[in-house]
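Text of model38.cif (mmCIF, C-alpha atoms) as supplied:
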data_structure
#
loop_
_atom_site.label_atom_id
_atom_site.label_comp_id
_atom_site.auth_asym_id
_atom_site.auth_seq_id
_atom_site.Cartn_x
_atom_site.Cartn_y
_atom_site.Cartn_z
CA MET T 100 -10.46 -47.57 17.17
CA ALA T 101 -11.53 -47.07 13.58
CA ASP T 102 -15.15 -46.61 14.68
CA GLY T 103 -14.11 -43.93 17.16
CA SER T 104 -12.08 -42.13 14.49
CA THR T 105 -14.99 -42.25 12.05
CA LYS T 106 -17.36 -40.92 14.69
CA LEU T 107 -14.98 -38.03 15.47
CA GLU T 108 -14.61 -37.25 11.76
CA MET T 109 -18.38 -37.24 11.29
CA THR T 110 -18.82 -34.95 14.26
CA SER T 111 -16.19 -32.59 12.86
CA SER T 112 -17.85 -32.67 9.43
CA ALA T 113 -21.28 -31.98 10.94
CA ARG T 114 -19.80 -29.08 12.93
CA ARG T 115 -18.29 -27.54 9.78
CA THR T 116 -21.63 -27.87 7.98
CA ALA T 117 -23.46 -26.25 10.89
CA LEU T 118 -20.94 -23.39 11.04
CA LEU T 119 -21.26 -22.82 7.30
CA GLY T 120 -25.02 -22.88 7.75
CA ALA T 121 -24.72 -20.35 10.61
CA MET T 122 -22.73 -17.97 8.39
CA PHE T 123 -25.23 -18.20 5.55
CA LEU T 124 -28.20 -18.05 7.92
CA MET T 125 -26.92 -14.70 9.18
CA ALA T 126 -26.20 -13.49 5.64
CA THR T 127 -29.44 -14.68 4.03
CA SER T 128 -31.52 -13.43 6.97
CA ALA T 129 -30.08 -9.97 6.27
CA ILE T 130 -30.66 -10.34 2.51
CA GLY T 131 -34.44 -10.09 2.54
CA PRO T 132 -37.10 -8.23 0.51
CA GLY T 133 -36.36 -4.99 2.37
CA PHE T 134 -32.64 -5.37 1.60
CA ILE T 135 -33.36 -5.56 -2.15
CA THR T 136 -35.80 -2.63 -2.05
CA GLN T 137 -33.43 -0.42 -0.02
CA THR T 138 -30.43 -1.11 -2.25
CA THR T 139 -32.39 -0.33 -5.41
CA VAL T 140 -33.94 2.91 -4.11
CA PHE T 141 -30.69 4.23 -2.64
CA THR T 142 -28.70 3.43 -5.79
CA ALA T 143 -31.27 5.30 -7.87
CA GLN T 144 -30.95 8.26 -5.47
CA LEU T 145 -27.18 8.46 -5.01
CA GLY T 146 -25.79 6.66 -8.06
CA ALA T 147 -22.11 5.70 -7.71
CA ALA T 148 -21.85 7.64 -4.40
CA PHE T 149 -23.89 4.85 -2.76
CA ALA T 150 -20.69 2.75 -2.85
CA PHE T 151 -19.33 4.64 0.18
CA ALA T 152 -22.51 3.97 2.18
CA ILE T 153 -22.16 0.27 1.41
CA LEU T 154 -18.52 0.21 2.57
CA ALA T 155 -19.37 2.08 5.80
CA SER T 156 -22.33 -0.19 6.57
CA ILE T 157 -20.24 -3.34 6.00
CA LEU T 158 -17.55 -2.09 8.43
CA ILE T 159 -20.20 -1.30 11.06
CA ASP T 160 -21.85 -4.69 10.49
CA ILE T 161 -18.51 -6.43 11.06
CA ALA T 162 -18.03 -4.50 14.33
CA VAL T 163 -21.46 -5.59 15.58
CA GLN T 164 -21.27 -9.23 14.51
CA MET T 165 -17.70 -9.81 15.72
CA ASN T 166 -18.83 -8.73 19.19
CA VAL T 167 -22.14 -10.61 19.12
CA TRP T 168 -20.64 -13.88 17.86
CA ARG T 169 -17.66 -13.69 20.23
CA VAL T 170 -19.68 -13.01 23.40
CA ILE T 171 -22.33 -15.63 22.60
CA GLY T 172 -19.77 -18.12 21.27
CA VAL T 173 -17.30 -17.87 24.16
CA SER T 174 -20.02 -17.87 26.84
CA GLY T 175 -21.97 -20.68 25.18
CA LEU T 176 -25.20 -18.92 26.20
CA ARG T 177 -27.97 -17.40 24.12
CA ALA T 178 -28.52 -13.65 24.20
CA GLN T 179 -31.62 -13.84 26.42
CA GLU T 180 -29.84 -16.17 28.85
CA LEU T 181 -26.99 -13.68 29.14
CA GLY T 182 -29.51 -10.88 29.65
CA ASN T 183 -31.12 -12.66 32.59
CA ARG T 184 -27.70 -13.33 34.13
CA VAL T 185 -26.86 -9.61 33.93
CA ILE T 186 -30.19 -8.29 35.27
CA PRO T 187 -33.03 -10.74 36.02
CA GLY T 188 -35.86 -10.11 33.58
CA VAL T 189 -33.82 -8.27 30.93
CA GLY T 190 -33.46 -11.50 28.95
CA TYR T 191 -37.22 -12.02 28.96
CA PHE T 192 -37.73 -8.42 27.83
CA LEU T 193 -35.24 -8.92 24.99
CA ALA T 194 -36.85 -12.24 24.06
CA GLY T 195 -40.25 -10.53 23.90
CA LEU T 196 -38.90 -7.77 21.64
CA VAL T 197 -37.17 -10.23 19.30
CA PHE T 198 -40.16 -12.58 19.16
CA LEU T 199 -42.68 -9.82 18.48
CA GLY T 200 -40.34 -8.25 15.92
CA GLY T 201 -39.85 -11.70 14.37
CA VAL T 202 -43.61 -12.12 13.94
CA VAL T 203 -43.99 -8.74 12.23
CA PHE T 204 -40.91 -9.22 10.09
CA ASN T 205 -41.87 -12.74 9.12
CA ILE T 206 -45.24 -11.57 7.83
CA GLY T 207 -43.27 -9.19 5.62
CA ASN T 208 -40.90 -11.98 4.57
CA ILE T 209 -43.82 -14.24 3.60
CA ALA T 210 -45.29 -11.31 1.66
CA GLY T 211 -41.90 -11.08 -0.09
CA THR T 212 -42.07 -14.75 -1.12
CA GLY T 213 -45.47 -14.01 -2.62
CA LEU T 214 -44.09 -11.09 -4.65
CA GLY T 215 -41.14 -13.22 -5.74
CA ALA T 216 -43.37 -16.08 -6.84
CA ASN T 217 -45.51 -13.59 -8.76
CA ALA T 218 -42.49 -12.18 -10.63
CA MET T 219 -41.04 -15.64 -11.20
CA LEU T 220 -44.14 -17.60 -12.22
CA GLY T 221 -46.98 -15.09 -12.48
CA VAL T 222 -48.99 -16.68 -9.64
CA ASP T 223 -51.17 -14.73 -7.23
CA PRO T 224 -48.94 -13.28 -4.44
CA LYS T 225 -51.14 -14.74 -1.67
CA ILE T 226 -50.99 -18.20 -3.19
CA GLY T 227 -47.23 -17.84 -3.66
CA GLY T 228 -46.83 -16.73 -0.04
CA ALA T 229 -48.93 -19.61 1.30
CA VAL T 230 -47.04 -22.24 -0.73
CA SER T 231 -43.69 -20.74 0.27
CA ALA T 232 -44.66 -20.84 3.96
CA PHE T 233 -45.58 -24.51 3.51
CA VAL T 234 -42.13 -25.17 1.99
CA ALA T 235 -40.51 -23.60 5.07
CA ILE T 236 -42.71 -25.71 7.33
CA LEU T 237 -41.59 -28.89 5.53
CA ILE T 238 -37.95 -28.01 6.28
CA PHE T 239 -38.61 -27.87 10.02
CA LEU T 240 -40.74 -31.04 9.91
CA SER T 241 -37.81 -32.95 8.41
CA LYS T 242 -36.24 -35.58 10.69
CA ARG T 243 -32.88 -33.90 10.11
CA ALA T 244 -34.18 -30.36 10.21
CA GLY T 245 -30.88 -28.81 11.31
CA MET T 246 -28.92 -30.24 8.40
CA ALA T 247 -31.75 -29.41 5.97
CA LEU T 248 -31.77 -25.81 7.21
CA ASP T 249 -27.99 -25.46 6.81
CA ARG T 250 -27.87 -26.93 3.30
CA ILE T 251 -30.87 -25.00 1.97
CA VAL T 252 -29.69 -21.57 3.16
CA VAL T 253 -26.22 -22.23 1.72
CA MET T 254 -27.67 -23.40 -1.61
CA LEU T 255 -30.12 -20.50 -1.96
CA GLY T 256 -27.43 -18.02 -0.89
CA ALA T 257 -25.15 -19.36 -3.65
CA VAL T 258 -28.00 -19.16 -6.20
CA MET T 259 -28.66 -15.50 -5.33
CA ILE T 260 -24.99 -14.59 -5.67
CA LEU T 261 -24.57 -16.39 -9.02
CA LEU T 262 -27.69 -14.77 -10.51
CA MET T 263 -26.59 -11.36 -9.26
CA ILE T 264 -23.15 -11.83 -10.85
CA TYR T 265 -24.86 -12.49 -14.20
CA VAL T 266 -27.15 -9.45 -13.98
CA ALA T 267 -24.28 -7.22 -12.78
CA ILE T 268 -22.15 -8.26 -15.79
CA VAL T 269 -25.01 -7.74 -18.27
CA ALA T 270 -25.82 -4.32 -16.80
CA ALA T 271 -22.19 -3.19 -17.48
CA PRO T 272 -21.84 -0.71 -14.59
CA PRO T 273 -19.13 2.00 -14.55
CA LEU T 274 -16.71 0.13 -12.24
CA GLY T 275 -14.10 2.91 -12.15
CA GLU T 276 -16.64 5.47 -10.97
CA ALA T 277 -18.00 3.05 -8.36
CA LEU T 278 -14.50 2.29 -7.05
CA LYS T 279 -13.62 5.99 -6.82
CA ASN T 280 -16.81 6.78 -4.89
CA THR T 281 -16.16 3.92 -2.49
CA PHE T 282 -13.32 5.91 -0.92
CA LEU T 283 -13.91 9.45 -2.23
CA PRO T 284 -17.70 9.84 -2.37
CA GLU T 285 -19.28 12.71 -4.21
CA GLN T 286 -22.13 12.66 -1.70
CA VAL T 287 -22.51 11.19 1.83
CA ASP T 288 -25.90 10.48 3.37
CA PHE T 289 -25.54 9.41 7.01
CA LEU T 290 -29.22 8.50 7.31
CA ILE T 291 -28.89 6.03 4.44
CA ILE T 292 -25.89 4.41 6.14
CA THR T 293 -27.80 3.96 9.39
CA THR T 294 -30.77 2.53 7.48
CA LEU T 295 -28.51 -0.05 5.82
CA VAL T 296 -27.05 -1.06 9.18
CA GLY T 297 -30.50 -1.45 10.73
CA GLY T 298 -31.54 -3.65 7.82
CA THR T 299 -28.54 -6.00 8.04
CA VAL T 300 -27.88 -6.34 11.79
CA GLY T 301 -31.14 -5.17 13.33
CA GLY T 302 -33.65 -7.23 15.31
CA TYR T 303 -33.52 -11.01 15.07
CA ILE T 304 -30.89 -10.78 12.30
CA THR T 305 -28.29 -9.82 14.91
CA TYR T 306 -28.57 -13.22 16.57
CA ALA T 307 -29.53 -15.59 13.73
CA GLY T 308 -26.03 -16.84 12.95
CA ALA T 309 -24.71 -16.74 16.52
CA HIS T 310 -27.60 -18.81 17.91
CA ARG T 311 -27.24 -21.34 15.11
CA MET T 312 -23.50 -21.49 15.89
CA LEU T 313 -24.35 -22.65 19.43
CA ASP T 314 -26.06 -25.69 17.92
CA SER T 315 -22.81 -26.57 16.11
CA GLY T 316 -20.98 -26.99 19.42
CA ALA T 317 -18.19 -24.60 18.35
CA THR T 318 -18.29 -22.67 21.62
CA GLY T 319 -15.84 -21.74 24.36
CA VAL T 320 -12.53 -19.91 24.51
CA GLU T 321 -10.78 -22.58 22.44
CA HIS T 322 -12.96 -21.75 19.42
CA VAL T 323 -12.43 -17.95 19.43
CA ARG T 324 -10.57 -17.91 16.11
CA GLN T 325 -13.22 -20.04 14.40
CA ILE T 326 -16.01 -17.89 15.86
CA THR T 327 -14.38 -14.65 14.66
CA ARG T 328 -13.70 -15.98 11.16
CA SER T 329 -17.27 -17.24 10.77
CA SER T 330 -18.81 -13.92 11.85
CA VAL T 331 -16.69 -11.88 9.43
CA ILE T 332 -17.28 -14.23 6.48
CA GLY T 333 -21.04 -14.09 7.09
CA ILE T 334 -21.04 -10.29 6.88
CA ILE T 335 -18.77 -10.41 3.80
CA VAL T 336 -21.30 -12.69 2.06
CA THR T 337 -23.97 -10.09 2.83
CA GLY T 338 -21.64 -7.36 1.55
CA VAL T 339 -20.89 -9.22 -1.70
CA MET T 340 -24.62 -9.56 -2.38
CA ARG T 341 -25.17 -5.86 -1.65
CA VAL T 342 -22.27 -4.85 -3.95
CA LEU T 343 -23.48 -7.08 -6.81
CA LEU T 344 -27.03 -5.78 -6.54
CA PHE T 345 -25.70 -2.20 -6.37
CA LEU T 346 -23.56 -2.70 -9.50
CA ALA T 347 -26.49 -4.21 -11.40
CA ILE T 348 -28.78 -1.28 -10.55
CA LEU T 349 -25.98 1.25 -11.13
CA GLY T 350 -25.39 -0.13 -14.61
CA VAL T 351 -29.06 0.40 -15.46
CA VAL T 352 -29.22 3.91 -13.96
CA ALA T 353 -25.91 4.99 -15.53
CA GLY T 354 -27.22 3.76 -18.88
CA GLY T 355 -29.94 6.41 -18.75
CA THR T 356 -32.90 4.36 -17.48
CA VAL T 357 -35.12 6.24 -15.01
CA LEU T 358 -36.59 3.89 -12.41
CA SER T 359 -40.04 5.18 -11.54
CA SER T 360 -42.37 2.21 -10.96
CA ASP T 361 -43.62 0.92 -7.60
CA ASN T 362 -41.26 -2.06 -7.99
CA MET T 363 -37.99 -0.40 -8.98
CA ALA T 364 -35.88 -3.54 -8.47
CA ALA T 365 -37.98 -5.59 -10.90
CA GLU T 366 -37.89 -2.67 -13.38
CA ALA T 367 -34.08 -2.53 -13.14
CA PHE T 368 -33.66 -6.28 -13.69
CA GLY T 369 -35.97 -6.08 -16.70
CA ALA T 370 -34.01 -3.14 -18.14
CA ALA T 371 -30.73 -5.03 -17.69
CA ALA T 372 -31.71 -8.45 -19.03
CA GLY T 373 -35.19 -8.22 -20.53
CA GLU T 374 -37.79 -10.91 -19.82
CA ILE T 375 -35.20 -13.30 -18.40
CA GLY T 376 -34.11 -10.49 -16.09
CA MET T 377 -37.64 -10.23 -14.70
CA ARG T 378 -37.71 -13.98 -14.03
CA MET T 379 -34.29 -13.76 -12.38
CA PHE T 380 -35.57 -10.96 -10.18
CA GLY T 381 -38.41 -13.25 -9.12
CA ILE T 382 -35.95 -16.04 -8.23
CA VAL T 383 -33.66 -13.69 -6.29
CA LEU T 384 -36.55 -12.08 -4.40
CA TRP T 385 -38.14 -15.45 -3.59
CA ALA T 386 -34.82 -16.94 -2.44
CA ALA T 387 -34.09 -13.84 -0.33
CA ALA T 388 -37.55 -13.95 1.23
CA ILE T 389 -37.76 -17.71 1.92
CA THR T 390 -34.33 -17.75 3.59
CA SER T 391 -35.41 -14.77 5.69
CA VAL T 392 -38.57 -16.69 6.67
CA ILE T 393 -36.35 -19.58 7.79
CA GLY T 394 -33.94 -17.26 9.63
CA ALA T 395 -36.65 -15.23 11.36
CA SER T 396 -38.52 -18.36 12.44
CA PHE T 397 -35.45 -20.20 13.74
CA THR T 398 -34.13 -17.17 15.64
CA SER T 399 -37.46 -16.03 17.10
CA VAL T 400 -38.17 -19.50 18.49
CA SER T 401 -34.60 -19.75 19.85
CA PHE T 402 -35.49 -16.78 22.08
CA ILE T 403 -38.54 -18.46 23.65
CA THR T 404 -36.89 -21.85 24.15
CA SER T 405 -33.69 -22.90 25.90
CA SER T 406 -30.70 -25.05 25.04
CA LYS T 407 -32.39 -27.81 27.07
CA THR T 408 -35.48 -27.82 24.84
CA ALA T 409 -35.61 -30.96 22.70
CA GLU T 410 -34.87 -30.25 19.03
CA ARG T 411 -38.08 -31.93 17.87
CA LYS T 412 -40.17 -29.77 20.22
CA ARG T 413 -38.36 -26.62 19.08
CA ASN T 414 -38.98 -27.50 15.44
CA LEU T 415 -42.70 -28.07 16.07
CA ILE T 416 -42.94 -24.66 17.79
CA THR T 417 -41.21 -23.18 14.73
CA VAL T 418 -43.78 -24.82 12.45
CA VAL T 419 -46.61 -23.26 14.47
CA PHE T 420 -44.81 -19.89 14.33
CA ILE T 421 -44.56 -20.00 10.51
CA ALA T 422 -48.18 -21.14 10.15
CA PHE T 423 -49.36 -18.28 12.37
CA CYS T 424 -47.36 -15.67 10.40
CA ALA T 425 -48.68 -17.06 7.10
CA THR T 426 -52.26 -16.91 8.37
CA MET T 427 -51.76 -13.32 9.52
CA TYR T 428 -50.41 -12.40 6.08
CA LEU T 429 -53.36 -14.01 4.31
CA PHE T 430 -55.99 -12.33 6.48
CA LEU T 431 -54.51 -8.89 7.16
CA GLY T 432 -55.18 -7.70 3.64
CA GLN T 433 -52.49 -5.01 3.88
CA ALA T 434 -50.07 -4.10 1.12
CA PRO T 435 -46.86 -6.15 1.46
CA GLN T 436 -44.75 -2.98 1.12
CA GLN T 437 -46.45 -1.45 4.16
CA LEU T 438 -45.71 -4.55 6.22
CA LEU T 439 -42.05 -4.44 5.23
CA ILE T 440 -41.73 -0.79 6.25
CA PHE T 441 -43.34 -1.46 9.64
CA ALA T 442 -41.14 -4.51 10.21
CA GLY T 443 -37.96 -2.59 9.37
CA ALA T 444 -38.86 0.26 11.72
CA PHE T 445 -39.71 -2.09 14.61
CA ASN T 446 -36.52 -4.09 14.05
CA GLY T 447 -34.33 -1.09 14.78
CA LEU T 448 -35.66 -0.89 18.35
CA ILE T 449 -34.17 -4.25 19.30
CA LEU T 450 -30.48 -3.70 18.43
CA PRO T 451 -29.53 -1.15 21.15
CA VAL T 452 -31.02 -3.28 23.96
CA GLY T 453 -29.52 -6.64 23.06
CA PHE T 454 -26.17 -5.30 21.86
CA GLY T 455 -25.81 -3.24 25.03
CA VAL T 456 -26.32 -6.36 27.19
CA LEU T 457 -23.67 -8.31 25.27
CA LEU T 458 -21.14 -5.48 25.54
CA TRP T 459 -21.73 -5.30 29.31
CA VAL T 460 -21.03 -9.04 29.56
CA ALA T 461 -17.81 -8.57 27.57
CA TRP T 462 -16.72 -5.65 29.79
CA ARG T 463 -17.81 -6.62 33.30
CA ARG T 464 -18.79 -10.30 33.43
CA ARG T 465 -15.71 -12.46 32.92
CA ASP T 466 -17.46 -15.13 34.98
CA LEU T 467 -19.96 -15.58 32.12
CA MET T 468 -17.09 -15.53 29.60
CA ASN T 469 -15.27 -18.47 31.19
CA GLY T 470 -12.49 -16.13 32.37
CA TYR T 471 -11.78 -14.94 28.81
CA ASP T 472 -9.81 -11.68 28.57
CA TYR T 473 -11.92 -9.77 26.05
CA PRO T 474 -9.88 -7.65 23.57
CA LYS T 475 -10.09 -3.98 24.55
CA TRP T 476 -9.93 -2.78 20.94
CA LEU T 477 -12.95 -4.91 20.04
CA LEU T 478 -14.87 -3.64 23.07
CA ILE T 479 -14.11 0.00 22.17
CA VAL T 480 -15.23 -0.58 18.58
CA GLY T 481 -18.38 -2.20 19.96
CA VAL T 482 -19.20 0.71 22.28
CA VAL T 483 -18.77 3.27 19.48
CA THR T 484 -21.04 1.17 17.29
CA TRP T 485 -23.57 0.82 20.14
CA LEU T 486 -23.84 4.61 20.32
CA LEU T 487 -24.76 4.56 16.64
CA THR T 488 -27.44 1.93 17.34
CA LEU T 489 -29.05 4.35 19.81
CA PHE T 490 -29.44 6.78 16.91
CA LEU T 491 -30.86 3.94 14.81
CA GLY T 492 -33.33 3.09 17.54
CA TRP T 493 -34.51 6.70 17.77
CA ASN T 494 -35.07 6.78 14.01
CA SER T 495 -37.08 3.58 14.33
CA VAL T 496 -39.33 5.12 16.98
CA LEU T 497 -39.97 8.11 14.70
CA GLY T 498 -40.62 5.75 11.78
CA LEU T 499 -43.16 3.75 13.78
CA ALA T 500 -44.90 6.92 14.95
CA GLN T 501 -45.22 8.19 11.37
CA LEU T 502 -46.47 4.83 10.10
CA TRP T 503 -49.01 4.54 12.93
CA SER T 504 -50.41 8.03 12.25
CA ALA T 505 -50.58 7.44 8.49
#

Show how you would write the structure in this file as structure tokens.
Amino acid sequence: MADGSTKLEMTSSARRTALLGAMFLMATSAIGPGFITQTTVFTAQLGAAFAFAILASILIDIAVQMNVWRVIGVSGLRAQELGNRVIPGVGYFLAGLVFLGGVVFNIGNIAGTGLGANAMLGVDPKIGGAVSAFVAILIFLSKRAGMALDRIVVMLGAVMILLMIYVAIVAAPPLGEALKNTFLPEQVDFLIITTLVGGTVGGYITYAGAHRMLDSGATGVEHVRQITRSSVIGIIVTGVMRVLLFLAILGVVAGGTVLSSDNMAAEAFGAAAGEIGMRMFGIVLWAAAITSVIGASFTSVSFITSSKTAERKRNLITVVFIAFCATMYLFLGQAPQQLLIFAGAFNGLILPVGFGVLLWVAWRRRDLMNGYDYPKWLLIVGVVTWLLTLFLGWNSVLGLAQLWSA
């Protein structure tokens, strides 16, 4: 009897760890090199008015992730499996988009680890990127890869938040002005809001946490409350990081510093906290990039495997995926910034397709939802948000066209 109780307790503990890992995997996948660059550039452009864009993007992110997590969590099926159940072949199409986008984005993420290692330790970016990719490979080669993944993304997420709290305090931003502009902005830029949304719930990022949640076993109608809470907390973690980074940059800009270098984020950290600020920037960028490498790799492979695929086999495929992306980064010889721009533009194409499939399942396919009566208010919020993702997707097409012709 005692053994059975212990086993149940361990299973419950493992499930909580996996759910926590799922939340942070979603959050840290969104907090990548592009996230840091975007936040810095937009804060320099809009100043305190950027606070409203952050609030709007967080609300939209919550609307997307609550729907994505609930449909995938209640059905117990991955996004591509649901797609194939709705229209045969749609799931494969979605899987192809996510996987290809994951490859492109992961090259950018590995490039980000190289830039982070350079700022942190002064090493050559290509060497830093190669070593970082090897670190990610070791995680998936671990005998308990799932637990290692969960613990590492939680730890690095916490490190990023703590460092950002320090830099935000040192930068001494005008909190009153930021709070006022959160609700009564002096300037509103809709394009910036849509860019933020695409960067935090676009492409593979949309499904990173939800697919990891399936591995935790917290699926089915009976876990709806747990699923909803986890999705919202994950987005809030992303939002907290965005707010802290915004306040740190705002403090520097409001203090009279003009950010004009090619690496504005590093310049801002240096202006706020001197040499130690530069090193902290390196740590934050590296942590953001390596967790995005982990998230992109895990999620991309989850789209080309099934729930029946043995964990060891899935991990080995993930190792090959990371090694391929690292090799591409080392031999492409392109500027990391260019890769990140291309990856961000391509990512925005994926959201309307996958999100649309999930909303259709919620609306018309109760058989896939185990008879669950999907909340109408959540569906309406999802549809309104989906219309916005169509606009995001169109912007992504234009962005790709411009980049290709450059």

Discussion item. I need every residue sitting at most 12 Å from the point (-29.9, -2.8, 10.4) (coordinates as in the file, only C-alpha atoms considered), written as a ChimeraX atom specification.
Written reply: /T:128-131,133-134,137,156-157,159-161,163-164,290-305,442-451,484,487-492,494-495

Any chance you can output those residues with C-alpha atoms as an mmCIF file, in the coordinates of the input?
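Saved result, again_9.cif, follows:
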data_model
loop_
_atom_site.group_PDB
_atom_site.id
_atom_site.type_symbol
_atom_site.label_atom_id
_atom_site.label_comp_id
_atom_site.auth_asym_id
_atom_site.auth_seq_id
_atom_site.Cartn_x
_atom_site.Cartn_y
_atom_site.Cartn_z
ATOM 1 C CA SER T 128 -31.520 -13.430 6.970
ATOM 2 C CA ALA T 129 -30.080 -9.970 6.270
ATOM 3 C CA ILE T 130 -30.660 -10.340 2.510
ATOM 4 C CA GLY T 131 -34.440 -10.090 2.540
ATOM 5 C CA GLY T 133 -36.360 -4.990 2.370
ATOM 6 C CA PHE T 134 -32.640 -5.370 1.600
ATOM 7 C CA GLN T 137 -33.430 -0.420 -0.020
ATOM 8 C CA SER T 156 -22.330 -0.190 6.570
ATOM 9 C CA ILE T 157 -20.240 -3.340 6.000
ATOM 10 C CA ILE T 159 -20.200 -1.300 11.060
ATOM 11 C CA ASP T 160 -21.850 -4.690 10.490
ATOM 12 C CA ILE T 161 -18.510 -6.430 11.060
ATOM 13 C CA VAL T 163 -21.460 -5.590 15.580
ATOM 14 C CA GLN T 164 -21.270 -9.230 14.510
ATOM 15 C CA LEU T 290 -29.220 8.500 7.310
ATOM 16 C CA ILE T 291 -28.890 6.030 4.440
ATOM 17 C CA ILE T 292 -25.890 4.410 6.140
ATOM 18 C CA THR T 293 -27.800 3.960 9.390
ATOM 19 C CA THR T 294 -30.770 2.530 7.480
ATOM 20 C CA LEU T 295 -28.510 -0.050 5.820
ATOM 21 C CA VAL T 296 -27.050 -1.060 9.180
ATOM 22 C CA GLY T 297 -30.500 -1.450 10.730
ATOM 23 C CA GLY T 298 -31.540 -3.650 7.820
ATOM 24 C CA THR T 299 -28.540 -6.000 8.040
ATOM 25 C CA VAL T 300 -27.880 -6.340 11.790
ATOM 26 C CA GLY T 301 -31.140 -5.170 13.330
ATOM 27 C CA GLY T 302 -33.650 -7.230 15.310
ATOM 28 C CA TYR T 303 -33.520 -11.010 15.070
ATOM 29 C CA ILE T 304 -30.890 -10.780 12.300
ATOM 30 C CA THR T 305 -28.290 -9.820 14.910
ATOM 31 C CA ALA T 442 -41.140 -4.510 10.210
ATOM 32 C CA GLY T 443 -37.960 -2.590 9.370
ATOM 33 C CA ALA T 444 -38.860 0.260 11.720
ATOM 34 C CA PHE T 445 -39.710 -2.090 14.610
ATOM 35 C CA ASN T 446 -36.520 -4.090 14.050
ATOM 36 C CA GLY T 447 -34.330 -1.090 14.780
ATOM 37 C CA LEU T 448 -35.660 -0.890 18.350
ATOM 38 C CA ILE T 449 -34.170 -4.250 19.300
ATOM 39 C CA LEU T 450 -30.480 -3.700 18.430
ATOM 40 C CA PRO T 451 -29.530 -1.150 21.150
ATOM 41 C CA THR T 484 -21.040 1.170 17.290
ATOM 42 C CA LEU T 487 -24.760 4.560 16.640
ATOM 43 C CA THR T 488 -27.440 1.930 17.340
ATOM 44 C CA LEU T 489 -29.050 4.350 19.810
ATOM 45 C CA PHE T 490 -29.440 6.780 16.910
ATOM 46 C CA LEU T 491 -30.860 3.940 14.810
ATOM 47 C CA GLY T 492 -33.330 3.090 17.540
ATOM 48 C CA ASN T 494 -35.070 6.780 14.010
ATOM 49 C CA SER T 495 -37.080 3.580 14.330
#

Item to complete: Give me, please, the distance in Å between CA of Ile135 (chain T) and CA of Pro284 (chain T), quoted to one decimal.
Response: 22.0 Å

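Compared by their closest atoms to Leu358 (chain T), and using only C-alpha atoms, the residues T:Val140, T:Ile226, T:Ala126, T:Leu158 rank with T:Val140 nearest.
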
Item to complete: Please write the residues picked by the PyMOL selection byres ((chain T and resi 255-266) around 10) on this file as a ChimeraX atom specification.
Response: /T:123-124,126-128,130,250-254,267-271,336-337,339-348,350,367-369,371-372,375-376,379-380,382-387,389-390

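Residues in contact range of region 184-186 of chain T, defined as at most 12 Å between all atoms listed in the file, with sequence neighbours fewer than 6 positions away removed, read Ser174, Leu176, Arg177, Ala178, Phe192, Leu193, Gly453, Gly455, Val456, Leu457, Leu458, Trp459, Val460, Ala461, Trp462, Arg463, Arg464, Arg465, Asp466, Leu467 and Met468 of chain T.
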
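Straight-line separation from CA of Asn280 (chain T) to CA of Gly354 (chain T): 17.7 Å.
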
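Proximity to Met165 (chain T) was assessed for T:Gly355, T:Gly333, T:Gly381, T:Gly201 counting all atoms listed in the file; the smallest distance is recorded for T:Gly333.
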
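Note that the spacing between CA of Phe402 (chain T) and CA of Phe454 (chain T) amounts to 14.8 Å.
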
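Distances here use all atoms listed in the file; by that measure, the residue among T:Asp288, T:Asp314, T:Glu180, T:Glu366 closest to Ala152 (chain T) is T:Asp288.
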
Using the chain letters and numbers from the file, which residues does the PyMOL selection byres ((chain T and resi 198) around 10) grab, as an mmCIF file with C-alpha atoms, in the frame of the given file?
data_model
loop_
_atom_site.group_PDB
_atom_site.id
_atom_site.type_symbol
_atom_site.label_atom_id
_atom_site.label_comp_id
_atom_site.auth_asym_id
_atom_site.auth_seq_id
_atom_site.Cartn_x
_atom_site.Cartn_y
_atom_site.Cartn_z
ATOM 1 C CA PHE T 192 -37.730 -8.420 27.830
ATOM 2 C CA LEU T 193 -35.240 -8.920 24.990
ATOM 3 C CA ALA T 194 -36.850 -12.240 24.060
ATOM 4 C CA GLY T 195 -40.250 -10.530 23.900
ATOM 5 C CA LEU T 196 -38.900 -7.770 21.640
ATOM 6 C CA VAL T 197 -37.170 -10.230 19.300
ATOM 7 C CA LEU T 199 -42.680 -9.820 18.480
ATOM 8 C CA GLY T 200 -40.340 -8.250 15.920
ATOM 9 C CA GLY T 201 -39.850 -11.700 14.370
ATOM 10 C CA VAL T 202 -43.610 -12.120 13.940
ATOM 11 C CA VAL T 203 -43.990 -8.740 12.230
ATOM 12 C CA PHE T 204 -40.910 -9.220 10.090
ATOM 13 C CA GLY T 302 -33.650 -7.230 15.310
ATOM 14 C CA TYR T 303 -33.520 -11.010 15.070
ATOM 15 C CA ALA T 395 -36.650 -15.230 11.360
ATOM 16 C CA SER T 396 -38.520 -18.360 12.440
ATOM 17 C CA THR T 398 -34.130 -17.170 15.640
ATOM 18 C CA SER T 399 -37.460 -16.030 17.100
ATOM 19 C CA VAL T 400 -38.170 -19.500 18.490
ATOM 20 C CA SER T 401 -34.600 -19.750 19.850
ATOM 21 C CA PHE T 402 -35.490 -16.780 22.080
ATOM 22 C CA ILE T 403 -38.540 -18.460 23.650
ATOM 23 C CA PHE T 420 -44.810 -19.890 14.330
#
